[in-house]
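This is coords.txt. It holds compact mmCIF, C-alpha atoms.
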```txt
# COMPACT_ATOMS: atom_id res chain seq x y z
CA GLN J 4 25.88 13.34 -102.96
CA GLN J 5 22.21 14.22 -102.28
CA LEU J 6 21.52 10.58 -101.47
CA THR J 7 23.99 10.87 -98.58
CA LEU J 8 22.97 14.37 -97.45
CA ARG J 9 19.18 14.00 -97.80
CA PRO J 10 18.43 10.32 -98.38
CA ILE J 11 14.67 10.27 -97.74
CA PHE J 12 14.06 13.52 -99.61
CA THR J 13 16.15 12.33 -102.58
CA LYS J 14 14.43 8.94 -102.73
CA SER J 15 11.00 10.52 -102.29
CA LEU J 16 11.51 13.20 -104.94
CA THR J 17 12.85 10.60 -107.36
CA ALA J 18 9.83 8.38 -106.68
CA GLY J 19 7.46 11.31 -107.20
CA ILE J 20 8.98 12.26 -110.53
CA ILE J 21 9.03 8.67 -111.75
CA PHE J 22 5.43 8.05 -110.66
CA GLY J 23 4.24 11.26 -112.34
CA LEU J 24 6.05 10.37 -115.57
CA SER J 25 4.64 6.85 -115.39
CA ASP J 26 1.09 8.12 -115.18
CA TRP J 27 1.69 10.51 -118.06
CA CYS J 28 2.95 7.55 -120.13
CA ALA J 29 -0.05 5.48 -119.03
CA GLN J 30 -2.36 8.22 -120.28
CA LEU J 31 -0.55 8.23 -123.62
CA VAL J 32 -1.05 4.45 -123.82
CA GLU J 33 -4.74 4.87 -122.95
CA GLU J 34 -5.09 7.50 -125.67
CA LYS J 35 -3.55 5.15 -128.26
CA GLY J 36 -6.01 2.46 -127.21
CA GLU J 37 -9.08 4.61 -127.83
CA SER J 38 -11.06 3.15 -130.71
CA ASP J 39 -13.29 6.16 -131.36
CA GLY J 40 -10.39 8.28 -132.61
CA ASP J 41 -11.12 11.13 -130.20
CA LYS J 42 -7.97 12.51 -128.65
CA LYS J 43 -8.30 12.56 -124.87
CA ALA J 44 -6.75 15.43 -122.98
CA ILE J 45 -4.00 14.60 -120.51
CA VAL J 46 -5.43 14.69 -116.98
CA PHE J 47 -2.85 16.67 -115.03
CA SER J 48 -4.56 15.99 -111.71
CA ARG J 49 -3.84 12.28 -112.30
CA ILE J 50 -0.18 13.02 -112.93
CA LEU J 51 -0.06 15.21 -109.82
CA THR J 52 -1.74 12.48 -107.76
CA ALA J 53 0.77 9.88 -108.96
CA PHE J 54 3.61 12.32 -108.21
CA LEU J 55 2.28 12.90 -104.70
CA VAL J 56 1.85 9.16 -104.05
CA GLY J 57 5.50 8.65 -105.01
CA LEU J 58 6.72 11.68 -103.09
CA LEU J 59 4.67 11.37 -99.91
CA PHE J 60 4.07 7.63 -99.63
CA PHE J 61 6.23 5.38 -101.79
CA GLY J 62 9.55 7.19 -101.31
CA PRO J 63 9.41 7.28 -97.50
CA ALA J 64 7.72 3.87 -97.25
CA ALA J 65 10.27 2.19 -99.53
CA ASN J 66 13.11 3.75 -97.54
CA ALA J 67 11.62 2.45 -94.28
CA TRP J 68 10.80 -0.96 -95.80
CA TYR J 69 14.30 -1.61 -97.14
CA SER J 70 15.93 -0.36 -93.94
CA MET J 71 13.71 -2.67 -91.88
CA ILE J 72 14.05 -5.69 -94.16
CA PHE J 73 17.86 -5.48 -94.06
CA LYS J 74 17.80 -5.23 -90.26
CA ILE J 75 15.59 -8.32 -90.02
CA LEU J 76 17.40 -10.24 -92.78
CA PRO J 77 20.90 -8.72 -93.11
CA SER J 78 22.45 -11.55 -95.12
CA THR J 79 22.72 -11.46 -98.90
CA SER J 80 22.62 -15.26 -99.14
CA LEU J 81 20.24 -16.85 -101.61
CA VAL J 82 17.83 -17.91 -98.85
CA SER J 83 17.80 -14.44 -97.28
CA THR J 84 17.33 -12.83 -100.69
CA LEU J 85 14.37 -15.09 -101.44
CA GLN J 86 12.88 -14.37 -97.99
CA LYS J 87 13.14 -10.61 -98.59
CA ALA J 88 11.54 -10.97 -102.02
CA ALA J 89 8.71 -13.09 -100.59
CA LEU J 90 8.02 -10.58 -97.81
CA GLY J 91 7.90 -7.77 -100.37
CA GLN J 92 5.35 -9.70 -102.43
CA ILE J 93 3.25 -10.59 -99.41
CA ILE J 94 3.35 -7.31 -97.46
CA PHE J 95 4.79 -4.24 -99.20
CA GLY J 96 3.49 -4.76 -102.75
CA PRO J 97 -0.17 -5.37 -101.87
CA ALA J 98 -0.20 -2.57 -99.28
CA PHE J 99 1.25 -0.08 -101.74
CA THR J 100 -1.14 -1.17 -104.49
CA CYS J 101 -4.12 -0.60 -102.20
CA VAL J 102 -2.86 2.92 -101.41
CA PHE J 103 -2.32 3.60 -105.12
CA PHE J 104 -5.86 2.46 -105.95
CA GLY J 105 -7.29 4.66 -103.19
CA ALA J 106 -5.32 7.73 -104.29
CA GLY J 107 -6.49 7.29 -107.87
CA MET J 108 -10.09 7.02 -106.71
CA ILE J 109 -9.76 10.13 -104.55
CA GLN J 110 -8.31 12.03 -107.52
CA SER J 111 -11.17 10.97 -109.79
CA GLY J 112 -13.85 11.70 -107.19
CA THR J 113 -15.00 8.07 -107.06
CA PHE J 114 -13.64 7.14 -103.63
CA SER J 115 -15.82 5.58 -101.00
CA LEU J 116 -14.77 2.85 -98.61
CA GLY J 117 -17.09 0.38 -100.36
CA ALA J 118 -15.85 1.31 -103.85
CA TRP J 119 -12.23 1.08 -102.70
CA LEU J 120 -12.75 -2.35 -101.14
CA SER J 121 -14.52 -3.44 -104.32
CA LYS J 122 -11.58 -2.19 -106.42
CA ILE J 123 -9.19 -4.11 -104.17
CA ARG J 124 -11.25 -7.31 -104.42
CA THR J 125 -11.57 -6.97 -108.19
CA ASP J 126 -8.12 -5.77 -109.26
CA LEU J 127 -5.60 -6.60 -106.51
CA PRO J 128 -5.42 -10.36 -107.24
CA GLY J 129 -4.62 -9.77 -110.92
CA VAL J 130 -2.11 -7.01 -110.17
CA TRP J 131 -0.47 -9.19 -107.52
CA ALA J 132 -0.25 -12.14 -109.93
CA SER J 133 1.27 -9.88 -112.61
CA GLY J 134 3.71 -8.56 -110.04
CA LEU J 135 4.94 -12.10 -109.40
CA GLY J 136 6.31 -12.06 -112.94
CA PHE J 137 8.15 -8.76 -112.45
CA TRP J 138 9.07 -7.95 -108.85
CA PRO J 139 10.87 -11.13 -107.76
CA ALA J 140 13.46 -10.54 -110.51
CA VAL J 141 13.80 -6.88 -109.46
CA ASP J 142 14.08 -7.93 -105.81
CA PHE J 143 16.68 -10.57 -106.59
CA VAL J 144 18.90 -8.08 -108.43
CA SER J 145 18.38 -5.36 -105.83
CA PHE J 146 19.01 -7.58 -102.81
CA LYS J 147 21.99 -9.43 -104.31
CA ILE J 148 23.78 -6.75 -106.33
CA VAL J 149 22.67 -3.20 -105.51
CA PRO J 150 24.12 -1.53 -102.38
CA VAL J 151 21.43 -1.04 -99.70
CA LYS J 152 21.42 2.78 -99.87
CA TRP J 153 20.80 2.62 -103.64
CA ILE J 154 18.03 0.00 -103.59
CA PRO J 155 15.09 2.46 -103.32
CA LEU J 156 16.43 4.42 -106.30
CA PHE J 157 16.98 1.25 -108.33
CA VAL J 158 13.47 0.10 -107.44
CA ASN J 159 12.10 3.55 -108.39
CA PHE J 160 13.48 3.15 -111.90
CA CYS J 161 12.02 -0.36 -112.16
CA SER J 162 8.79 1.15 -110.85
CA PHE J 163 8.59 3.38 -113.92
CA VAL J 164 7.43 0.45 -116.04
CA TRP J 165 5.37 -1.10 -113.26
CA THR J 166 3.59 2.16 -112.43
CA ILE J 167 2.53 2.61 -116.06
CA TYR J 168 0.81 -0.76 -115.74
CA LEU J 169 -0.57 0.11 -112.30
CA SER J 170 -1.95 3.43 -113.56
CA LEU J 171 -3.67 1.64 -116.42
CA VAL J 172 -5.28 -0.83 -114.00
CA ALA J 173 -6.15 1.81 -111.42
CA ASN J 174 -7.89 3.98 -114.01
CA ARG J 175 -9.35 1.48 -116.46
CA SER J 176 -12.79 1.13 -114.94
CA LYS J 177 -13.27 4.84 -114.29
CA GLY J 178 -14.49 5.48 -117.82
CA ALA J 179 -16.97 2.63 -117.59
CA GLU J 180 -18.28 3.90 -114.24
CA GLU J 181 -18.88 7.49 -115.44
```
Encoded form (structure tokens):
Amino acid sequence: QQLTLRPIFTKSLTAGIIFGLSDWCAQLVEEKGESDGDKKAIVFSRILTAFLVGLLFFGPAANAWYSMIFKILPSTSLVSTLQKAALGQIIFGPAFTCVFFGAGMIQSGTFSLGAWLSKIRTDLPGVWASGLGFWPAVDFVSFKIVPVKWIPLFVNFCSFVWTIYLSLVANRSKGAEE
């Protein structure tokens, strides 16, 4: 019912919660990977940043993206589905990843335009290549099976796993830089 009454708010809040939980899980994974045995404290400002990126950027942007993409390519044919998936990989995914990297750098106090561009040059190609193994399948299912109004929520749940990975990539070099 909330999806009908308040679609952008519902999608945005869902994205925020999922992104925050994803970063929390990423921090748990990082803690398990520590070889020195020291237990790292959970960084709540990172979780809050991820929540805010989902709430304020991804939720509204995904809503606008899917609305636009279905206006441009309304068919659910195989060709149209593949075109939508390709556009997502070429435009939306990289743009969102750049925003995510920037937000993480702002949260950690390491943001500068040069550092952000360096992060993009260093990590975006690998993240994009990894995304090619994940997002086309998600896009295919969402564009062929999921009703349009539910796509952002479906994608949010798929984003849970992806955002754990993205948080790990976005934050992996921070320890080395400090």
May I ask which of the residues J:Lys152, J:Lys122, J:Lys35, J:Arg175 is the closest one to Trp68 (chain J), counting only C-alpha atoms?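 Closest residue, counting only C-alpha atoms: J:Lys152.
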Selected residue of minimal separation from Leu127 (chain J) among J:Met108, J:Ala67, J:Val172, J:Ala88, counting only C-alpha atoms: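 Answer, going by the shortest atom-to-atom distance: J:Val172.
If you measure from each of J:Ser121, J:Thr13, J:Gln92, J:Ser111 to Leu135 (chain J) using all atoms listed in the file, the closest one turns out to be J:Gln92.
Between Asn159 (chain J) and the candidates J:Pro97, J:Gly36, J:Gly23, J:Pro128, the tightest atom-to-atom separation, counting only C-alpha atoms, involves J:Gly23.
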If you count all atoms listed in the file, which residues fall within 12 Å of Ile75 (chain J), apart from same-chain ones fewer than 3 positions away, as an MDAnalysis selection string? chainID J and resid 68:72 78:79 83:84 86:87 90
Would you list the contacts of Phe157 (chain J) as a VMD selection string, taking every protein, DNA or RNA residue within 12 Å and counting all atoms listed in the file, but skipping same-chain residues closer than 2 positions in sequence? chain J and resid 14 17 to 18 21 62 65 to 66 69 141 to 146 148 to 155 159 to 163
Taking C-alpha atoms for each residue, export the selection above as a compact mmCIF listing (two decimals), in the coordinates of the input.
```txt
# COMPACT_ATOMS: atom_id res chain seq x y z
CA LYS J 14 14.43 8.94 -102.73
CA THR J 17 12.85 10.60 -107.36
CA ALA J 18 9.83 8.38 -106.68
CA ILE J 21 9.03 8.67 -111.75
CA GLY J 62 9.55 7.19 -101.31
CA ALA J 65 10.27 2.19 -99.53
CA ASN J 66 13.11 3.75 -97.54
CA TYR J 69 14.30 -1.61 -97.14
CA VAL J 141 13.80 -6.88 -109.46
CA ASP J 142 14.08 -7.93 -105.81
CA PHE J 143 16.68 -10.57 -106.59
CA VAL J 144 18.90 -8.08 -108.43
CA SER J 145 18.38 -5.36 -105.83
CA PHE J 146 19.01 -7.58 -102.81
CA ILE J 148 23.78 -6.75 -106.33
CA VAL J 149 22.67 -3.20 -105.51
CA PRO J 150 24.12 -1.53 -102.38
CA VAL J 151 21.43 -1.04 -99.70
CA LYS J 152 21.42 2.78 -99.87
CA TRP J 153 20.80 2.62 -103.64
CA ILE J 154 18.03 0.00 -103.59
CA PRO J 155 15.09 2.46 -103.32
CA ASN J 159 12.10 3.55 -108.39
CA PHE J 160 13.48 3.15 -111.90
CA CYS J 161 12.02 -0.36 -112.16
CA SER J 162 8.79 1.15 -110.85
CA PHE J 163 8.59 3.38 -113.92
```
For Pro77 (chain J), the nearest of the candidates J:Ala89, J:Gly112, J:Pro10, J:Lys147, counting all atoms listed in the file: J:Lys147
Tell me, as a PyMOL selection string, which residues lie within 10 Å of Val46 (chain J), counting all atoms listed in the file; anything in the same chain fewer than 5 positions away does not count. chain J and resi 26-27+30+51+111
Within 10 Å of file point (-4.8, 15.5, -109.6), counting all atoms listed in the file, expressed as a list of chain:residue names: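 Answer for this query, in the requested form: J:Val46, J:Phe47, J:Ser48, J:Arg49, J:Ile50, J:Leu51, J:Thr52, J:Ala53, J:Phe54, J:Leu55, J:Ala106, J:Gly107, J:Ile109, J:Gln110, J:Ser111.
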Provide an axis-aligned box for all listed atoms of region 153-166 of chain J, padding each side by 4 Å; report its centre and its edge lengths in Å to one decimal, as AutoDock Vina command-line options.
```
--center_x 12.2 --center_y 1.7 --center_z -109.7 --size_x 25.2 --size_y 13.5 --size_z 20.7
```
Distance CA of Gly136 (chain J)-CA of Leu59 (chain J), one decimal place?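 Straight-line distance from CA of Gly136 (chain J) to CA of Leu59 (chain J) works out to 26.9 Å.
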Nearest to Ala64 (chain J) by atom-to-atom distance, counting only C-alpha atoms, from J:Gly134, J:Gly96, J:Gly117, J:Pro139: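 Of the candidates, the smallest distance to Ala64 (chain J) is held by J:Gly96.
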